[in-house]
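Step one of this worksheet: look at the structure below.
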Amino acid sequence: MILWLWLCWGFPTSAGQPDSELMARYLEEQLLADSSIVEQVARRVPRQAKFLQRLETRPRMSEFNVRSTIISRYAFTTVSCTMVNSGSEAREAVFEMQIPAAAFISNFTMSIGNKTYYGEVTGKEKKNSSDDKTGDKKPSSSTDGRENGYETFKASVFIPRKMQARFVLHYEELLQRRLGKYEYTVSIRPQQLVGRLRVEVNILENSGIVSLEVPPLRNSKQKGNGKAEGDVSPPPSTVVGHTKTLAKVTFNPSVVEQTRIARNGILGDFIIRYDVNRELSVGDVQILNGYFVHYFAPTDLPPLPKNVVFVLDSSASMVGTKLKQTKEALFTILQDLRPEDHFNIIGFSNRIKVWQQDRLVPVTPNNIRDAKKYIHNMSPTGGTNINEALQTGAKLLNDYIAQNDIDARSVSLIIFLTDGRPTVGETQSSKILSNTKDAVRDKFCLFTIGIGNDVDHKLLERMALENCGMTRHFQEDEDAASHLKGFYDEIGTPLLSDIRVDYPEDDVEQVTQNFFPNYFNGSEIIIAGKLINRTSDKLHVEVTASNSKKYILLKTDVAIDLPSRNDIRGVPGLEDGKGDKNYIERAWSYLTIKELLNSRLKSDDSQEKDHLMEKAKSMALAYNFVTPFTVLKMREAGLHSEPPQEEFIRPSTDGIGEKLQSLQGHRAPPGIRREQDKQVQDKQRIKISKTSADGDPHFVIDFPSSKFSVCFNIDGEPGDILRLVSDHKESGVTVNGQLIGAPAPPNGHKKHRTYFSTITILSNKPERSYLEITPRRIILDDGERLVLSCGRSAVVRSRSLEVSISANSNVTVTIRDTISFVILIHRYKKPAPYQRNHLGFYISNSKGLSSDSHGLLGQFLNHEVKLLQESLNASHQQVGQNHTEVLKPNPTNTLKVKGRLIPVVWKQRRIYNGQQEVECWFAKNNADKLIDGSYKDYLASHPFDTGTSFGTTNSL
């Protein structure tokens, strides 16, 4: 009979349901035309839909709406869903939503007919048997999450006949930066076609939005569903629009479009990826209403060398897809290792197999080839001895660190991968954790990866958390290899180690983690806190870190009163946000609670665990967050809600946690910050020598023993590179300055002006390095390139070189503590046509330069000049300082330099940004006879020309 009815209505028997296109057309044209959803579904459905209703007992979803506001990486998400019961009796409606595991639910409401039920966040009792029960029900749902980790929120209610119910869920999360992008994901899985489906995401980033992209829907549960191979276009009906700081993305598929994506209504994950403008400085510090959040993600840093041990599970349970995917990922990872890296591989089951005994090998083509052979030949067999595998890997890395001088050169880490629980050797989790921590001894970081459903998530997470690493869990699916490679990409390029962020103790309190053992390329460090003194107008920030052989100190003062920048009132698209306006405070609370959860997870002390739990619970209640220690309860009895349980809300380990011990690597010695502060202050007070080249350019040579100064001009051409100091053979130091042109002022006697646009300082002792300084940035390259902004105070120290930047003021370069140059930065807010941003070059300490140094300034550093009063044909008469005033009006005053006589006149010059006036004897005609040869003999062929005498050119 049923088959006959199918045929009469023309439905295909193979589908088992009415044609989706037919249903889609009906819902598109009829259902959406009427605003009354209840009446529409109950009274205006055609015969085939009525038949479907008799077969379908669950309420229909008429609306699914997601609205999200992301402000400075902090996301507020509201999900609303309307379900209609068009049947003749009450039916159960189940609202189910997958949310990111790192998110906190902040509110939930249900409306049934004209009644509304509110969710309340309350403290969870310490012992709650019902929690354990629900926990036992959840593992199957938790495995539905993808590699980024999802948890399932579930609420159910009976809807009376001919009525509708509306569910509204709010949750919040702080987006983590991975591989250079922030990724915001909304799970759209209504499990049925929806009449009205809409996702709207508004993004506000005051730093500026860059590289905004919306990839195709992601659904790892159905192969190829919604994503064609190589397809990078946004999902159908997606509209993207953005200005410099504000973006709006909408996804509004019709029922027909939903059907084309997935006939069962399971669409997938809607993803937005973007990044913000950033520079190498102390980062982006945002302050609002007594709270601050600090984002630090420097760019343009050279990678640190790394020492990595791969510990891979080869037990019998890895047979098939798991081991195949692992091998594929490792082949790619090995190919991405850098020549300066060292590595080894350990395979483990019930036995431990080390590829290269007792050593780490350098990255060479032969070693990579042999490593691939070893991995290719791995076969799954035996049990899982996690404890011994980690002990072997840790000993291998510890011995390598102890036997090799790598403290200033590299970052060490273990990457541990397994698909199961310990079955051989030590099987107690607490003992494995203790043994691992004792073996690692804070010398390196441990990163853990779990594959499949049988892994001990808590064990892997805690191992990583206690040893300054991160953990990931991947499903055994067709994308496992790419997920493994993606995780390695996150940690495969360390840029900084031992990063510490400091604020004045009297100005801030309750600051989240401020020490980080490493910073990986494409990630981000986030710190938040409260201001003690809200009346202050600025917050001082210092960042110290190590970069290979260099120690870096970055400083700045951040203005506190920034309402126009951080207050979002009046921003289009963000008018109706509830907690949005307090986004910085909520970001602080989010980070603080995450740290408390992590600290509790790491602790073995029951009293400490209870204390941390109470603190986390108190803060969660204050900010209405559902956490492992709080629960969401509905006001009305008989309603059932299931928020994610404690077992499945796992604290994120990405840059969140307690203060961690340092990685093995170069670090500032104890007290270095105070010493560095003092040096910076001393440099700010230092009296710079008058010996300089500044302005048009005007040269000044100071002769302290003779108690007078000599000055001259060089009228070069734009593009000329002048050799200022040349001592390459002896001290190894060369300084060149490149000229930039500008029109001459009106009624001036010059055809054009020239200024120094770039100062290049080269040194080859004891190691090769160079500095390229412009009014906006400094490039330091000693085999590794480091880019610094002139707009931020900073100190960078390597073994023989120190660069100290006073923001927008000057740069001090000290070489081997015996040579110091100061470069003044001249920048104009509104330059006149004849003005250019330029540099001034001053020599403050020349003790380390040899007596053979040369260059326009260098040739005078170790030679005295005599001042004579004479007619050029008269006998020479030496003049002392006490006769200077008498000599001033005499046009025939003469200097004697290396036997040459040079007529000079008395002039006054302004130096040090015009703050001081110097009196000097001026030599005309491009310093003719004053300098050796002519000024053209001092032209370098390129900025890195280290030519040591006229007519010769060398390059560093």
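Here's how to read the names in the structure tokens: chain A, B, ... by the order shown, residue numbers from 1 in each chain, ligand numbers from 1 in the order shown.
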
Please provide as a PDB file with all heavy atoms, in the first residue's frame all residues within 9 Å of Glu542 in chain A, with the sequence filter that same-chain residues fewer than 3 positions apart are discarded (counting only C-alpha atoms).
ATOM      1  N   VAL A 282      56.189  46.183  20.507  1.00  0.00           N
ATOM      2  CA  VAL A 282      55.634  45.507  21.676  1.00  0.00           C
ATOM      3  C   VAL A 282      54.260  44.929  21.372  1.00  0.00           C
ATOM      4  O   VAL A 282      53.679  44.236  22.200  1.00  0.00           O
ATOM      5  CB  VAL A 282      55.529  46.460  22.885  1.00  0.00           C
ATOM      6  CG1 VAL A 282      56.884  46.948  23.302  1.00  0.00           C
ATOM      7  CG2 VAL A 282      54.603  47.620  22.583  1.00  0.00           C
ATOM      8  N   ARG A 500      59.249  37.489  27.825  1.00  0.00           N
ATOM      9  CA  ARG A 500      58.669  37.998  29.062  1.00  0.00           C
ATOM     10  C   ARG A 500      58.079  39.378  28.790  1.00  0.00           C
ATOM     11  O   ARG A 500      58.727  40.219  28.179  1.00  0.00           O
ATOM     12  CB  ARG A 500      59.726  38.072  30.160  1.00  0.00           C
ATOM     13  CG  ARG A 500      59.160  38.521  31.499  1.00  0.00           C
ATOM     14  CD  ARG A 500      60.228  38.598  32.583  1.00  0.00           C
ATOM     15  NE  ARG A 500      59.651  39.081  33.816  1.00  0.00           N
ATOM     16  CZ  ARG A 500      59.093  38.301  34.734  1.00  0.00           C
ATOM     17  NH1 ARG A 500      59.050  37.005  34.548  1.00  0.00           N
ATOM     18  NH2 ARG A 500      58.593  38.822  35.833  1.00  0.00           N
ATOM     19  N   VAL A 501      56.844  39.584  29.254  1.00  0.00           N
ATOM     20  CA  VAL A 501      56.162  40.860  29.060  1.00  0.00           C
ATOM     21  C   VAL A 501      55.932  41.470  30.441  1.00  0.00           C
ATOM     22  O   VAL A 501      55.335  40.843  31.319  1.00  0.00           O
ATOM     23  CB  VAL A 501      54.824  40.670  28.330  1.00  0.00           C
ATOM     24  CG1 VAL A 501      54.167  42.016  28.054  1.00  0.00           C
ATOM     25  CG2 VAL A 501      55.040  39.904  27.025  1.00  0.00           C
ATOM     26  N   ASP A 502      56.426  42.684  30.637  1.00  0.00           N
ATOM     27  CA  ASP A 502      56.358  43.341  31.952  1.00  0.00           C
ATOM     28  C   ASP A 502      55.626  44.667  31.885  1.00  0.00           C
ATOM     29  O   ASP A 502      55.726  45.409  30.885  1.00  0.00           O
ATOM     30  CB  ASP A 502      57.770  43.573  32.501  1.00  0.00           C
ATOM     31  CG  ASP A 502      58.420  42.286  32.971  1.00  0.00           C
ATOM     32  OD1 ASP A 502      57.885  41.661  33.904  1.00  0.00           O
ATOM     33  OD2 ASP A 502      59.456  41.901  32.415  1.00  0.00           O
ATOM     34  N   TYR A 503      54.911  44.956  32.978  1.00  0.00           N
ATOM     35  CA  TYR A 503      54.235  46.227  33.187  1.00  0.00           C
ATOM     36  C   TYR A 503      54.605  46.692  34.603  1.00  0.00           C
ATOM     37  O   TYR A 503      54.895  45.861  35.472  1.00  0.00           O
ATOM     38  CB  TYR A 503      52.715  46.071  33.074  1.00  0.00           C
ATOM     39  CG  TYR A 503      52.270  45.227  31.906  1.00  0.00           C
ATOM     40  CD1 TYR A 503      52.109  43.848  32.039  1.00  0.00           C
ATOM     41  CD2 TYR A 503      52.020  45.780  30.656  1.00  0.00           C
ATOM     42  CE1 TYR A 503      51.717  43.052  30.977  1.00  0.00           C
ATOM     43  CE2 TYR A 503      51.619  44.994  29.593  1.00  0.00           C
ATOM     44  CZ  TYR A 503      51.472  43.629  29.750  1.00  0.00           C
ATOM     45  OH  TYR A 503      51.085  42.847  28.686  1.00  0.00           O
ATOM     46  N   LEU A 553      65.066  43.792  23.744  1.00  0.00           N
ATOM     47  CA  LEU A 553      64.232  44.505  24.700  1.00  0.00           C
ATOM     48  C   LEU A 553      63.428  45.543  23.933  1.00  0.00           C
ATOM     49  O   LEU A 553      63.988  46.423  23.269  1.00  0.00           O
ATOM     50  CB  LEU A 553      65.090  45.192  25.773  1.00  0.00           C
ATOM     51  CG  LEU A 553      64.375  46.170  26.709  1.00  0.00           C
ATOM     52  CD1 LEU A 553      63.311  45.463  27.523  1.00  0.00           C
ATOM     53  CD2 LEU A 553      65.368  46.856  27.628  1.00  0.00           C
ATOM     54  N   LEU A 554      62.094  45.441  23.993  1.00  0.00           N
ATOM     55  CA  LEU A 554      61.203  46.387  23.327  1.00  0.00           C
ATOM     56  C   LEU A 554      60.447  47.172  24.385  1.00  0.00           C
ATOM     57  O   LEU A 554      59.972  46.589  25.370  1.00  0.00           O
ATOM     58  CB  LEU A 554      60.211  45.650  22.418  1.00  0.00           C
ATOM     59  CG  LEU A 554      60.804  44.706  21.371  1.00  0.00           C
ATOM     60  CD1 LEU A 554      59.696  43.921  20.695  1.00  0.00           C
ATOM     61  CD2 LEU A 554      61.605  45.479  20.345  1.00  0.00           C
ATOM     62  N   LYS A 555      60.311  48.485  24.191  1.00  0.00           N
ATOM     63  CA  LYS A 555      59.634  49.335  25.170  1.00  0.00           C
ATOM     64  C   LYS A 555      58.681  50.284  24.477  1.00  0.00           C
ATOM     65  O   LYS A 555      58.929  50.707  23.341  1.00  0.00           O
ATOM     66  CB  LYS A 555      60.656  50.185  25.944  1.00  0.00           C
ATOM     67  CG  LYS A 555      61.578  49.436  26.857  1.00  0.00           C
ATOM     68  CD  LYS A 555      62.444  50.445  27.604  1.00  0.00           C
ATOM     69  CE  LYS A 555      63.275  49.785  28.667  1.00  0.00           C
ATOM     70  NZ  LYS A 555      63.983  50.780  29.482  1.00  0.00           N
ATOM     71  N   THR A 556      57.606  50.635  25.185  1.00  0.00           N
ATOM     72  CA  THR A 556      56.735  51.697  24.695  1.00  0.00           C
ATOM     73  C   THR A 556      55.811  52.148  25.817  1.00  0.00           C
ATOM     74  O   THR A 556      55.642  51.454  26.821  1.00  0.00           O
ATOM     75  CB  THR A 556      55.898  51.233  23.486  1.00  0.00           C
ATOM     76  OG1 THR A 556      55.355  52.372  22.820  1.00  0.00           O
ATOM     77  CG2 THR A 556      54.768  50.321  23.905  1.00  0.00           C
ATOM     78  N   ASP A 557      55.232  53.311  25.654  1.00  0.00           N
ATOM     79  CA  ASP A 557      54.188  53.817  26.538  1.00  0.00           C
ATOM     80  C   ASP A 557      52.895  53.871  25.737  1.00  0.00           C
ATOM     81  O   ASP A 557      52.839  54.470  24.665  1.00  0.00           O
ATOM     82  CB  ASP A 557      54.537  55.213  27.067  1.00  0.00           C
ATOM     83  CG  ASP A 557      55.672  55.172  28.078  1.00  0.00           C
ATOM     84  OD1 ASP A 557      55.715  54.210  28.866  1.00  0.00           O
ATOM     85  OD2 ASP A 557      56.516  56.083  28.090  1.00  0.00           O
ATOM     86  N   ALA A 794      63.477  50.131  21.749  1.00  0.00           N
ATOM     87  CA  ALA A 794      63.909  48.735  21.799  1.00  0.00           C
ATOM     88  C   ALA A 794      65.401  48.677  22.031  1.00  0.00           C
ATOM     89  O   ALA A 794      66.135  49.632  21.761  1.00  0.00           O
ATOM     90  CB  ALA A 794      63.550  48.014  20.493  1.00  0.00           C
TER      91      ALA A 794
END

Self-check item: Shortest interatomic distance to Phe922 in chain A - which of A:Gly741, A:Ser757, A:Asp945, A:Val700, counting only C-alpha atoms
Solution: A:Val700

Tell me which protein, DNA and RNA residues are within 8 Å of Asn808 in chain A, counting only C-alpha atoms, leaving out same-chain ones fewer than 2 positions away, and put them as a PDB file with N, CA, C and O atoms, in the first residue's frame.
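Written output follows (out.pdb):
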ATOM      1  N   CYS A 790      61.491  52.181  13.901  1.00  0.00           N
ATOM      2  CA  CYS A 790      62.045  53.361  14.580  1.00  0.00           C
ATOM      3  C   CYS A 790      61.003  54.013  15.483  1.00  0.00           C
ATOM      4  O   CYS A 790      61.350  54.882  16.283  1.00  0.00           O
ATOM      5  N   GLY A 791      59.754  53.617  15.351  1.00  0.00           N
ATOM      6  CA  GLY A 791      58.697  54.214  16.146  1.00  0.00           C
ATOM      7  C   GLY A 791      58.515  53.574  17.500  1.00  0.00           C
ATOM      8  O   GLY A 791      57.635  53.988  18.266  1.00  0.00           O
ATOM      9  N   ARG A 792      59.301  52.546  17.830  1.00  0.00           N
ATOM     10  CA  ARG A 792      59.186  51.862  19.114  1.00  0.00           C
ATOM     11  C   ARG A 792      60.554  51.783  19.779  1.00  0.00           C
ATOM     12  O   ARG A 792      61.545  51.459  19.131  1.00  0.00           O
ATOM     13  N   SER A 806      65.565  54.761  20.650  1.00  0.00           N
ATOM     14  CA  SER A 806      64.671  55.652  21.383  1.00  0.00           C
ATOM     15  C   SER A 806      63.610  56.099  20.394  1.00  0.00           C
ATOM     16  O   SER A 806      63.914  56.740  19.385  1.00  0.00           O
ATOM     17  N   ASN A 810      66.219  58.630  18.204  1.00  0.00           N
ATOM     18  CA  ASN A 810      67.577  58.302  17.807  1.00  0.00           C
ATOM     19  C   ASN A 810      67.840  56.813  17.928  1.00  0.00           C
ATOM     20  O   ASN A 810      67.100  56.084  18.585  1.00  0.00           O
ATOM     21  N   ILE A 825      67.021  60.817  14.179  1.00  0.00           N
ATOM     22  CA  ILE A 825      65.919  60.626  13.229  1.00  0.00           C
ATOM     23  C   ILE A 825      65.179  61.943  13.065  1.00  0.00           C
ATOM     24  O   ILE A 825      64.649  62.496  14.033  1.00  0.00           O
ATOM     25  N   ARG A 827      62.028  63.521  11.360  1.00  0.00           N
ATOM     26  CA  ARG A 827      60.771  63.245  10.660  1.00  0.00           C
ATOM     27  C   ARG A 827      59.849  64.437  10.797  1.00  0.00           C
ATOM     28  O   ARG A 827      59.757  65.057  11.861  1.00  0.00           O
TER      29      ARG A 827
END

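Of the residues under consideration (A:Glu200, A:Lys866, A:Gly732, A:Val210), A:Glu200 shows the shortest atom-to-atom contact distance to Val239 in chain A when counting only C-alpha atoms.
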
Find the nearest atom pair between each residue of range 395-427 of chain A and range 448-468 of chain A for residues within 10 Å, count only C-alpha atoms, give distances in Å to one decimal, sort rows by chain and ascending number, and present the table as JSON lines.
{"residue": "A:Leu413", "atom": "CA", "partner": "A:Cys468", "partner_atom": "CA", "distance": 9.8}
{"residue": "A:Ile414", "atom": "CA", "partner": "A:Thr448", "partner_atom": "CA", "distance": 8.3}
{"residue": "A:Ile415", "atom": "CA", "partner": "A:Thr448", "partner_atom": "CA", "distance": 6.0}
{"residue": "A:Phe416", "atom": "CA", "partner": "A:Thr448", "partner_atom": "CA", "distance": 4.8}
{"residue": "A:Leu417", "atom": "CA", "partner": "A:Ile449", "partner_atom": "CA", "distance": 4.7}
{"residue": "A:Thr418", "atom": "CA", "partner": "A:Gly450", "partner_atom": "CA", "distance": 5.4}
{"residue": "A:Asp419", "atom": "CA", "partner": "A:Ile451", "partner_atom": "CA", "distance": 4.6}
{"residue": "A:Gly420", "atom": "CA", "partner": "A:Val455", "partner_atom": "CA", "distance": 4.2}
{"residue": "A:Arg421", "atom": "CA", "partner": "A:Val455", "partner_atom": "CA", "distance": 5.4}
{"residue": "A:Pro422", "atom": "CA", "partner": "A:Asp456", "partner_atom": "CA", "distance": 8.6}

Hey, can you spit out that residue selection with N, CA and C atoms as an mmCIF file, in the first residue's frame?
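And here is the file that came out, selection.cif:
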data_model
loop_
_atom_site.group_PDB
_atom_site.id
_atom_site.type_symbol
_atom_site.label_atom_id
_atom_site.label_comp_id
_atom_site.auth_asym_id
_atom_site.auth_seq_id
_atom_site.Cartn_x
_atom_site.Cartn_y
_atom_site.Cartn_z
ATOM 1 N N LEU A 413 62.590 20.200 21.209
ATOM 2 C CA LEU A 413 61.223 19.748 21.459
ATOM 3 C C LEU A 413 61.047 18.284 21.070
ATOM 4 N N ILE A 414 60.044 17.659 21.712
ATOM 5 C CA ILE A 414 59.622 16.294 21.370
ATOM 6 C C ILE A 414 58.216 16.377 20.790
ATOM 7 N N ILE A 415 57.990 15.675 19.682
ATOM 8 C CA ILE A 415 56.643 15.531 19.122
ATOM 9 C C ILE A 415 56.231 14.077 19.301
ATOM 10 N N PHE A 416 55.203 13.852 20.113
ATOM 11 C CA PHE A 416 54.783 12.514 20.521
ATOM 12 C C PHE A 416 53.414 12.211 19.922
ATOM 13 N N LEU A 417 53.290 11.076 19.232
ATOM 14 C CA LEU A 417 52.037 10.715 18.561
ATOM 15 C C LEU A 417 51.618 9.309 18.962
ATOM 16 N N THR A 418 50.349 9.144 19.344
ATOM 17 C CA THR A 418 49.818 7.832 19.681
ATOM 18 C C THR A 418 48.334 7.761 19.341
ATOM 19 N N ASP A 419 47.826 6.516 19.248
ATOM 20 C CA ASP A 419 46.393 6.348 18.990
ATOM 21 C C ASP A 419 45.724 5.591 20.137
ATOM 22 N N GLY A 420 46.455 5.300 21.195
ATOM 23 C CA GLY A 420 45.864 4.473 22.243
ATOM 24 C C GLY A 420 46.291 4.858 23.639
ATOM 25 N N ARG A 421 45.995 3.974 24.563
ATOM 26 C CA ARG A 421 46.324 4.150 25.965
ATOM 27 C C ARG A 421 47.500 3.237 26.310
ATOM 28 N N PRO A 422 48.201 3.521 27.410
ATOM 29 C CA PRO A 422 49.331 2.667 27.787
ATOM 30 C C PRO A 422 48.866 1.260 28.150
#
